[in-house]
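For reference, the structure is listed below as structure tokens.
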Amino acid sequence: MNENAVKKMFLLLTIMALAVFAPAATTGGELIQPAVDREAAESAFFAAYDHFLQNRLWDALDSLSDAISRNVYFVDVYFMRSLTQRRLGLYSDATDSMSQYMEVRRDDYRARIILDVMKHERDMIKSSLAADGEPSALSFSSHTVNSLMSLPVSDPLSLRGAAGLGKISSSGDNIFVCDTLGGRVWIFGGGRRASVALERPAAAVPVSRDIVFVFLENGSVYKMTLDSSLTATLGEEPSLEINIADAVCVDSTFFAVADRSGGYLRFLEFPAVKETLKWRPPDGEEGGGKLFEPVAVAAYGPLLAVADRSGGKVYVLDAYTLNPLDSFDVERPRDVEWGPLGELYALSERGVLYSRYPVGAVSADVKTVADGMSEAWSMTWAEDSLLSTTVSARTWWKGETRPGRREIFGALRLSDPRIETSGGADILTLRGTVSSPFQKFIRNKAPTTQVIWRGEVRPSRITSVRAGFDDDARFYAPAGGALPGGERVTQAGSVSDVMRDIAGLSRAGENIPRVIVADSRISMPDGDAESFLAFLLQQGVRLDVMAVARPASVLMNRVSRMTFGKTYYTEEINRVPRNGSVEWALSVPLPPDVTTYGYPSDTTLSLFSNIDMIRFSDWVPIWPSLAGQGAAD
């Protein structure tokens, strides 16, 4: 930093140090001023600023606490603390800190805008966790199997199709298609295709990314293990000797199986493959008095949905007690599936897709989502889309998520400010890490953006610069220990324990993990879910759930699915989970005469960006003399 910049920075710090924030103490009527160490306070403040830009947020909070302890008049510490707490998802603390700042700086309109936006962001996060929230709209498009799965036109599945479809399912980016009459399980993933010959496969049930249990129509069961090239290894399990239409994993210890001919939903203990319970509607409650014909079953944590084709009903059960929680009429339902927020979809044989949202909602009317899916037979939720296909698997429909009619929260974290010179002009560039439940949707969209700096709207441009994957996961369980593959598991009984561990990692200089894998037995009280989800979204972290010995709660499922989280029904994980990321580059031409002094609020760059109904915003104080220097390409 040159001498002139140092002088200007000293002026900035002098101005900040003169702010009066706390009243002085008195003893016997004598005014006693608190001890002030301005130099140490300023040093701590700028250490916090460096930590903030490096996303060392707990270190930033520590330094800010140090700064205020050395100079209680240093009101701007509360402004920076509020921005830091927001990035940690601590919205209550963030709004409190900004309110404290505004007790002194009452006319700071930037702080008022930031406070109002933070309150709005918190409301959006709260509504997304509520059972009465509005699910995302689905926009459907039709595809051929070769266009959707990137198959050559000459591929046998493209030319002839499946002989007679059973169920389709998904795990991560892998799609499993059971051709029951054709005696084959088709596997699609990562632009590759593979198949396994099995006699009359009815349903493929993923228990992790690479382990799938295949249930045959005659009751036989196979454990299929996939490698990275989709090559499958099969192991035969004990036969069930029942007629299977569909199956789903509830947790690591048992499956729910739809026994179509026997007229029961059966619960099978694993690995012993032993029936423990069975369920059918109470006498007289079957649809129209007809025999119970379960043709499909789906799980959302402890909730089970069962489609009764003959009775024309869909039932929702508590997986623990088997008590019916809900039921509604659907003419000849063929398949059921849960959406990310707990919305329940039912597909009828007439090609009509219905939804009901969700159990416990004040308004849970059955709505028609799509019509005209002629011969649609099965469906599955894959990443951010609902896929359905015909009995031949040649025609597919893809229902992609879209923001609803209300504004949706999308986090954008700005960092790494740099000044680059191009054509004699200074260009400020920042890296923006994007976190949103609509990542795939926003990758192909150009955001509308407004940047405000030093009281002026500045020209700006955002470009998508990177969409990739990061392999960085950390596992948590109540007992700690290690997984069969050797992955270390950190002990945590609640999400508060998880956050304390991540804070410790960050203070030790490690990055925040890109994937958190939490045992379903870790508690998530309602009061912690909001701040935990806000942290995950702000930091772009995915929450995966390991349903060990019990299904995850509805709330944990919802938090996980909002971050595109996966659910594993086994501790056997062959590959470390990885998380996708999207990054933008923000370029802002700077005015010719840039001064470096002023309150942090004066120098704060404000970014407001929108894609459709998704709202992004962030704030970062920018002092050009402290930004990295470089030459533009």
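In the structure tokens, the first chain shown is A, the next is B, and so on; residue numbers restart at 1 for each chain, and ligands run from 1 in the order shown.
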Which of range 118-219 of chain A DSSP labels strand (DSSP E or B), written as an MDAnalysis selection string: chainID A and resid 137:144 165:171 174:179 184:189 192:197 201:206 211:216
Give me, as an NGL selection string, the residues of range 90-237 of chain A that a backbone DSSP run labels helix (DSSP H, G or I). :A and (91-104 or 109-129 or 145-148 or 156-159)
Requested write-out: N, CA and C atoms of the selected residues, as a short mmCIF file (atom, residue, chain, number, x, y, z; two decimals), in the first residue's frame:
```
data_model
loop_
_atom_site.label_atom_id
_atom_site.label_comp_id
_atom_site.auth_asym_id
_atom_site.auth_seq_id
_atom_site.Cartn_x
_atom_site.Cartn_y
_atom_site.Cartn_z
N TYR A 91 -29.46 -15.35 11.11
CA TYR A 91 -30.23 -14.17 10.75
C TYR A 91 -30.71 -13.37 11.96
N SER A 92 -31.09 -14.04 13.04
CA SER A 92 -31.51 -13.31 14.24
C SER A 92 -30.38 -12.47 14.78
N ASP A 93 -29.18 -13.05 14.87
CA ASP A 93 -28.02 -12.30 15.35
C ASP A 93 -27.65 -11.20 14.37
N ALA A 94 -27.75 -11.48 13.07
CA ALA A 94 -27.37 -10.49 12.06
C ALA A 94 -28.27 -9.27 12.10
N THR A 95 -29.57 -9.50 12.24
CA THR A 95 -30.49 -8.36 12.31
C THR A 95 -30.31 -7.59 13.62
N ASP A 96 -30.00 -8.29 14.71
CA ASP A 96 -29.73 -7.61 15.98
C ASP A 96 -28.49 -6.72 15.87
N SER A 97 -27.43 -7.25 15.25
CA SER A 97 -26.20 -6.47 15.11
C SER A 97 -26.42 -5.24 14.25
N MET A 98 -27.17 -5.39 13.15
CA MET A 98 -27.42 -4.23 12.30
C MET A 98 -28.30 -3.21 13.02
N SER A 99 -29.25 -3.69 13.81
CA SER A 99 -30.08 -2.76 14.59
C SER A 99 -29.25 -2.00 15.60
N GLN A 100 -28.29 -2.68 16.25
CA GLN A 100 -27.40 -2.00 17.19
C GLN A 100 -26.57 -0.93 16.48
N TYR A 101 -26.08 -1.26 15.31
CA TYR A 101 -25.32 -0.29 14.52
C TYR A 101 -26.18 0.93 14.21
N MET A 102 -27.44 0.71 13.88
CA MET A 102 -28.32 1.81 13.47
C MET A 102 -28.80 2.64 14.65
N GLU A 103 -28.60 2.17 15.87
CA GLU A 103 -28.90 3.02 17.02
C GLU A 103 -28.01 4.26 17.03
N VAL A 104 -26.83 4.14 16.46
CA VAL A 104 -25.91 5.27 16.37
C VAL A 104 -26.01 5.92 14.98
N TYR A 109 -28.90 4.92 5.25
CA TYR A 109 -29.95 4.27 4.45
C TYR A 109 -29.49 2.94 3.90
N ARG A 110 -28.16 2.76 3.69
CA ARG A 110 -27.67 1.47 3.21
C ARG A 110 -27.92 0.39 4.25
N ALA A 111 -27.64 0.72 5.50
CA ALA A 111 -27.87 -0.24 6.57
C ALA A 111 -29.35 -0.59 6.67
N ARG A 112 -30.22 0.41 6.46
CA ARG A 112 -31.67 0.14 6.51
C ARG A 112 -32.07 -0.82 5.40
N ILE A 113 -31.51 -0.64 4.20
CA ILE A 113 -31.83 -1.56 3.08
C ILE A 113 -31.33 -2.96 3.40
N ILE A 114 -30.10 -3.06 3.90
CA ILE A 114 -29.55 -4.38 4.23
C ILE A 114 -30.40 -5.07 5.30
N LEU A 115 -30.79 -4.32 6.32
CA LEU A 115 -31.61 -4.89 7.39
C LEU A 115 -32.94 -5.40 6.83
N ASP A 116 -33.59 -4.62 5.98
CA ASP A 116 -34.87 -5.03 5.41
C ASP A 116 -34.72 -6.28 4.53
N VAL A 117 -33.65 -6.33 3.74
CA VAL A 117 -33.43 -7.50 2.87
C VAL A 117 -33.16 -8.74 3.71
N MET A 118 -32.36 -8.59 4.77
CA MET A 118 -32.07 -9.74 5.63
C MET A 118 -33.35 -10.29 6.26
N LYS A 119 -34.23 -9.40 6.69
CA LYS A 119 -35.50 -9.85 7.26
C LYS A 119 -36.33 -10.59 6.21
N HIS A 120 -36.31 -10.09 4.97
CA HIS A 120 -37.06 -10.73 3.89
C HIS A 120 -36.47 -12.10 3.56
N GLU A 121 -35.14 -12.20 3.55
CA GLU A 121 -34.49 -13.48 3.28
C GLU A 121 -34.87 -14.51 4.35
N ARG A 122 -34.87 -14.05 5.58
CA ARG A 122 -35.23 -14.97 6.66
C ARG A 122 -36.67 -15.46 6.50
N ASP A 123 -37.57 -14.56 6.11
CA ASP A 123 -38.96 -14.96 5.90
C ASP A 123 -39.08 -15.99 4.78
N MET A 124 -38.30 -15.82 3.71
CA MET A 124 -38.33 -16.77 2.60
C MET A 124 -37.84 -18.14 3.04
N ILE A 125 -36.80 -18.18 3.87
CA ILE A 125 -36.27 -19.46 4.34
C ILE A 125 -37.28 -20.13 5.27
N LYS A 126 -37.89 -19.34 6.16
CA LYS A 126 -38.89 -19.89 7.07
C LYS A 126 -40.07 -20.48 6.29
N SER A 127 -40.54 -19.77 5.26
CA SER A 127 -41.69 -20.27 4.51
C SER A 127 -41.36 -21.54 3.74
N SER A 128 -40.10 -21.69 3.33
CA SER A 128 -39.71 -22.90 2.60
C SER A 128 -39.72 -24.13 3.50
N LEU A 129 -39.54 -23.91 4.81
CA LEU A 129 -39.56 -25.04 5.75
C LEU A 129 -40.96 -25.35 6.25
N VAL A 145 -36.43 -41.43 -25.75
CA VAL A 145 -35.44 -42.00 -24.83
C VAL A 145 -34.03 -41.72 -25.31
N ASN A 146 -33.82 -41.70 -26.64
CA ASN A 146 -32.46 -41.46 -27.13
C ASN A 146 -32.03 -40.01 -26.92
N SER A 147 -32.98 -39.04 -27.01
CA SER A 147 -32.61 -37.65 -26.78
C SER A 147 -32.40 -37.36 -25.30
N LEU A 148 -33.24 -37.96 -24.44
CA LEU A 148 -33.11 -37.71 -23.01
C LEU A 148 -31.90 -38.39 -22.42
N PRO A 156 -30.93 -50.45 -29.32
CA PRO A 156 -32.12 -51.32 -29.25
C PRO A 156 -33.26 -50.72 -28.43
N LEU A 157 -32.95 -50.03 -27.33
CA LEU A 157 -34.00 -49.45 -26.52
C LEU A 157 -34.69 -48.31 -27.26
N SER A 158 -33.92 -47.62 -28.10
CA SER A 158 -34.51 -46.55 -28.89
C SER A 158 -35.35 -47.10 -30.03
N LEU A 159 -34.91 -48.18 -30.64
CA LEU A 159 -35.62 -48.75 -31.79
C LEU A 159 -36.87 -49.52 -31.38
#
```
Using only C-alpha atoms, which protein or nucleic acid residues come within 6 Å of Val489 in chain A? Drop anything in the same chain fewer than 2 positions from it, and give the result as a list of chain:residue names. A:Phe475, A:Tyr476, A:Gly480, A:Gly481, A:Ala482
So that I can see what lies close to Asp50 in chain A, please list as a PyMOL selection string the residues with an atom at most 12 Å from it, counting only C-alpha atoms and leaving out residues fewer than 2 positions away in the same chain. chain A and resi 43-48+52-57+59-61+63-64+80+84+415-417+620-623+626-628
